[in-house]
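Visitor: Got upload.cif for you, mmCIF, C-alpha atoms; chains and numbers go by the auth columns:
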data_protein
loop_
_atom_site.group_PDB
_atom_site.id
_atom_site.type_symbol
_atom_site.label_atom_id
_atom_site.label_comp_id
_atom_site.label_asym_id
_atom_site.label_seq_id
_atom_site.Cartn_x
_atom_site.Cartn_y
_atom_site.Cartn_z
_atom_site.B_iso_or_equiv
_atom_site.auth_seq_id
_atom_site.auth_asym_id
ATOM 1 C CA MET A 1 8.729 -5.268 -7.995 0.00 1 A
ATOM 2 C CA GLU A 2 7.278 -8.635 -7.152 0.00 2 A
ATOM 3 C CA TYR A 3 4.303 -9.221 -4.893 0.00 3 A
ATOM 4 C CA LYS A 4 1.915 -11.946 -3.774 0.00 4 A
ATOM 5 C CA LYS A 5 -1.513 -11.744 -2.189 0.00 5 A
ATOM 6 C CA PHE A 6 -2.430 -13.960 0.776 0.00 6 A
ATOM 7 C CA GLY A 7 -6.090 -13.321 1.670 0.00 7 A
ATOM 8 C CA ASN A 8 -6.233 -9.668 2.762 0.00 8 A
ATOM 9 C CA THR A 9 -2.433 -9.394 2.993 0.00 9 A
ATOM 10 C CA ILE A 10 -0.094 -8.388 0.173 0.00 10 A
ATOM 11 C CA ILE A 11 3.646 -8.903 0.506 0.00 11 A
ATOM 12 C CA ALA A 12 5.808 -6.959 -1.925 0.00 12 A
ATOM 13 C CA ARG A 13 9.526 -6.855 -2.711 0.00 13 A
ATOM 14 C CA LEU A 14 10.760 -3.706 -4.382 0.00 14 A
ATOM 15 C CA ASP A 15 13.898 -3.541 -6.476 0.00 15 A
ATOM 16 C CA LYS A 16 16.662 -1.043 -5.770 0.00 16 A
ATOM 17 C CA GLY A 17 15.721 2.393 -7.082 0.00 17 A
ATOM 18 C CA GLU A 18 11.957 1.812 -7.174 0.00 18 A
ATOM 19 C CA GLU A 19 9.761 4.455 -5.544 0.00 19 A
ATOM 20 C CA VAL A 20 7.844 3.038 -2.588 0.00 20 A
ATOM 21 C CA LEU A 21 4.766 5.281 -2.888 0.00 21 A
ATOM 22 C CA GLU A 22 4.540 4.704 -6.630 0.00 22 A
ATOM 23 C CA LYS A 23 4.530 0.921 -6.127 0.00 23 A
ATOM 24 C CA ILE A 24 2.024 1.060 -3.243 0.00 24 A
ATOM 25 C CA LYS A 25 -0.261 3.137 -5.467 0.00 25 A
ATOM 26 C CA GLU A 26 0.147 0.655 -8.332 0.00 26 A
ATOM 27 C CA ILE A 27 -0.840 -2.294 -6.128 0.00 27 A
ATOM 28 C CA SER A 28 -3.697 -0.327 -4.532 0.00 28 A
ATOM 29 C CA LEU A 29 -5.216 0.653 -7.864 0.00 29 A
ATOM 30 C CA HIS A 30 -4.863 -2.855 -9.292 0.00 30 A
ATOM 31 C CA HIS A 31 -6.609 -4.449 -6.286 0.00 31 A
ATOM 32 C CA LYS A 32 -9.025 -1.523 -5.673 0.00 32 A
ATOM 33 C CA ILE A 33 -7.711 -1.036 -2.124 0.00 33 A
ATOM 34 C CA LYS A 34 -9.302 1.957 -0.368 0.00 34 A
ATOM 35 C CA LEU A 35 -7.783 1.625 3.122 0.00 35 A
ATOM 36 C CA ALA A 36 -4.628 -0.128 4.294 0.00 36 A
ATOM 37 C CA SER A 37 -1.728 -0.134 6.694 0.00 37 A
ATOM 38 C CA VAL A 38 1.847 -0.478 5.467 0.00 38 A
ATOM 39 C CA GLN A 39 4.779 -2.115 7.221 0.00 39 A
ATOM 40 C CA SER A 40 8.317 -2.184 5.908 0.00 40 A
ATOM 41 C CA LEU A 41 11.528 -4.084 6.379 0.00 41 A
ATOM 42 C CA GLY A 42 14.691 -3.290 4.462 0.00 42 A
ATOM 43 C CA ALA A 43 17.153 -0.547 3.678 0.00 43 A
ATOM 44 C CA THR A 44 17.053 2.780 1.869 0.00 44 A
ATOM 45 C CA ASN A 45 19.347 5.708 1.192 0.00 45 A
ATOM 46 C CA ASP A 46 16.842 8.500 0.489 0.00 46 A
ATOM 47 C CA PHE A 47 13.450 8.982 2.144 0.00 47 A
ATOM 48 C CA THR A 48 11.051 11.576 3.499 0.00 48 A
ATOM 49 C CA VAL A 49 8.785 11.219 6.527 0.00 49 A
ATOM 50 C CA GLY A 50 6.349 13.727 7.882 0.00 50 A
ATOM 51 C CA VAL A 51 3.202 14.572 9.764 0.00 51 A
ATOM 52 C CA PHE A 52 0.151 16.673 9.011 0.00 52 A
ATOM 53 C CA LYS A 53 -1.041 18.987 11.770 0.00 53 A
ATOM 54 C CA PRO A 54 -4.774 19.493 11.160 0.00 54 A
ATOM 55 C CA GLU A 55 -5.081 22.465 13.512 0.00 55 A
ATOM 56 C CA GLU A 56 -2.457 24.308 11.439 0.00 56 A
ATOM 57 C CA LYS A 57 -3.494 22.692 8.135 0.00 57 A
ATOM 58 C CA LYS A 58 0.201 22.230 7.479 0.00 58 A
ATOM 59 C CA TYR A 59 2.435 19.286 6.554 0.00 59 A
ATOM 60 C CA TYR A 60 5.879 19.008 8.174 0.00 60 A
ATOM 61 C CA ALA A 61 8.441 16.803 6.411 0.00 61 A
ATOM 62 C CA ASN A 62 11.970 15.610 7.141 0.00 62 A
ATOM 63 C CA THR A 63 14.177 14.234 4.365 0.00 63 A
ATOM 64 C CA PHE A 64 17.071 11.864 5.027 0.00 64 A
ATOM 65 C CA GLN A 65 19.752 11.116 2.437 0.00 65 A
ATOM 66 C CA GLU A 66 21.987 8.490 3.968 0.00 66 A
ATOM 67 C CA THR A 67 22.073 4.714 4.106 0.00 67 A
ATOM 68 C CA MET A 68 19.478 3.459 6.597 0.00 68 A
ATOM 69 C CA ARG A 69 19.217 -0.210 7.549 0.00 69 A
#
Rewrite the structure from the file as structure tokens, please.

Guide:
Amino acid sequence: MEYKKFGNTIIARLDKGEEVLEKIKEISLHHKIKLASVQSLGATNDFTVGVFKPEEKKYYANTFQETMR
């Protein structure tokens, strides 16, 4: 992973096979970031997205294992 900070913005480039959440956590801890928004551009072949429904106190996830560009 490589990244650069521009004011309040951090731009990162992850290498193939690196875990996105792991790298976001690494940057966040290093820069003591408590709140952020994340945008992404690129491709992946294995990812999980989901939502948390507070009224049910349950997390719903969908996993995709195919090339996405």

Visitor: Excluding A:Leu41 and any residue of its chain fewer than 3 positions from it, enumerate the residues within 12 Å of it, using all atoms listed in the file, and give them as a list in words.

Guide: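 Using all atoms listed in the file, the neighbours found are Ile11, Ala12, Arg13, Leu14, Val38, Thr44, Met68 and Arg69 of chain A.
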
Visitor: Tell me, as a short mmCIF file (atom, residue, chain, number, x, y, z; two decimals) with C-alpha atoms, in the coordinates of the input, which residues lie within 12 Å of A:Ser28, counting all atoms listed in the file; anything in the same chain fewer than 6 positions away does not count.

Guide:
data_model
loop_
_atom_site.label_atom_id
_atom_site.label_comp_id
_atom_site.auth_asym_id
_atom_site.auth_seq_id
_atom_site.Cartn_x
_atom_site.Cartn_y
_atom_site.Cartn_z
CA TYR A 3 4.30 -9.22 -4.89
CA LYS A 5 -1.51 -11.74 -2.19
CA THR A 9 -2.43 -9.39 2.99
CA ILE A 10 -0.09 -8.39 0.17
CA ALA A 12 5.81 -6.96 -1.92
CA LEU A 21 4.77 5.28 -2.89
CA GLU A 22 4.54 4.70 -6.63
CA LYS A 34 -9.30 1.96 -0.37
CA LEU A 35 -7.78 1.62 3.12
CA ALA A 36 -4.63 -0.13 4.29
CA SER A 37 -1.73 -0.13 6.69
CA VAL A 38 1.85 -0.48 5.47
#

Visitor: Select, from A:Lys58, A:Asn8, A:Thr67, A:Gly17, the residue with the minimum atom-to-atom distance to A:His31, counting all atoms listed in the file.

Guide: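 Checking each of A:Lys58, A:Asn8, A:Thr67, A:Gly17 against A:His31, counting all atoms listed in the file, the winner is A:Asn8.
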
Visitor: Can you tell me which residues surround A:Asp46 at a distance of at most 7 Å, considering all atoms listed in the file, apart from same-chain residues fewer than 2 positions away, and format the answer as a PyMOL selection string?

Guide: chain A and resi 44+64-66

Visitor: Separation of atom CA of A:Tyr60 and atom CA of A:Thr48, in Å?

Guide: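 These atoms are spaced 10.2 Å apart.
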
Visitor: I need the residue nearest A:Val20 from this list: A:Lys57, A:Phe52, A:Phe47, A:Thr63. Use all atoms listed in the file for the distance.

Guide: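 Using all atoms listed in the file, A:Val20 sits closest to A:Phe47.
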
Visitor: So which one's closest to A:Ile24, A:Gly7, A:Met1, A:Ala43, A:Lys53? Using only C-alpha atoms, please.

Guide: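 Closest to A:Ile24, using only C-alpha atoms: A:Met1.
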
Visitor: Here is a test: counting all atoms listed in the file, which residue of A:Val49, A:Lys16, A:Glu26, A:Ser40 is nearest to A:Asn62?

Guide: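 Ranked by minimum distance to A:Asn62, first place goes to A:Val49.
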
Visitor: Which value, in Å to one decimal, gives the distance between atom CA of A:Glu18 and atom CA of A:Tyr59?

Guide: 24.2 Å

Visitor: Padding 8 Å on every side, please: axis-aligned box over the listed atoms of stretch 45-59 of chain A, centre and edge lengths to one decimal in Å, as JSON.

Guide:
{"center_x": 7.1, "center_y": 15.0, "center_z": 7.0, "size_x": 40.4, "size_y": 34.6, "size_z": 29.0}

Visitor: Could you tell me how far atom CA of A:Lys32 sits from atom CA of A:Glu19, in Å to one decimal place?

Guide: 19.7 Å
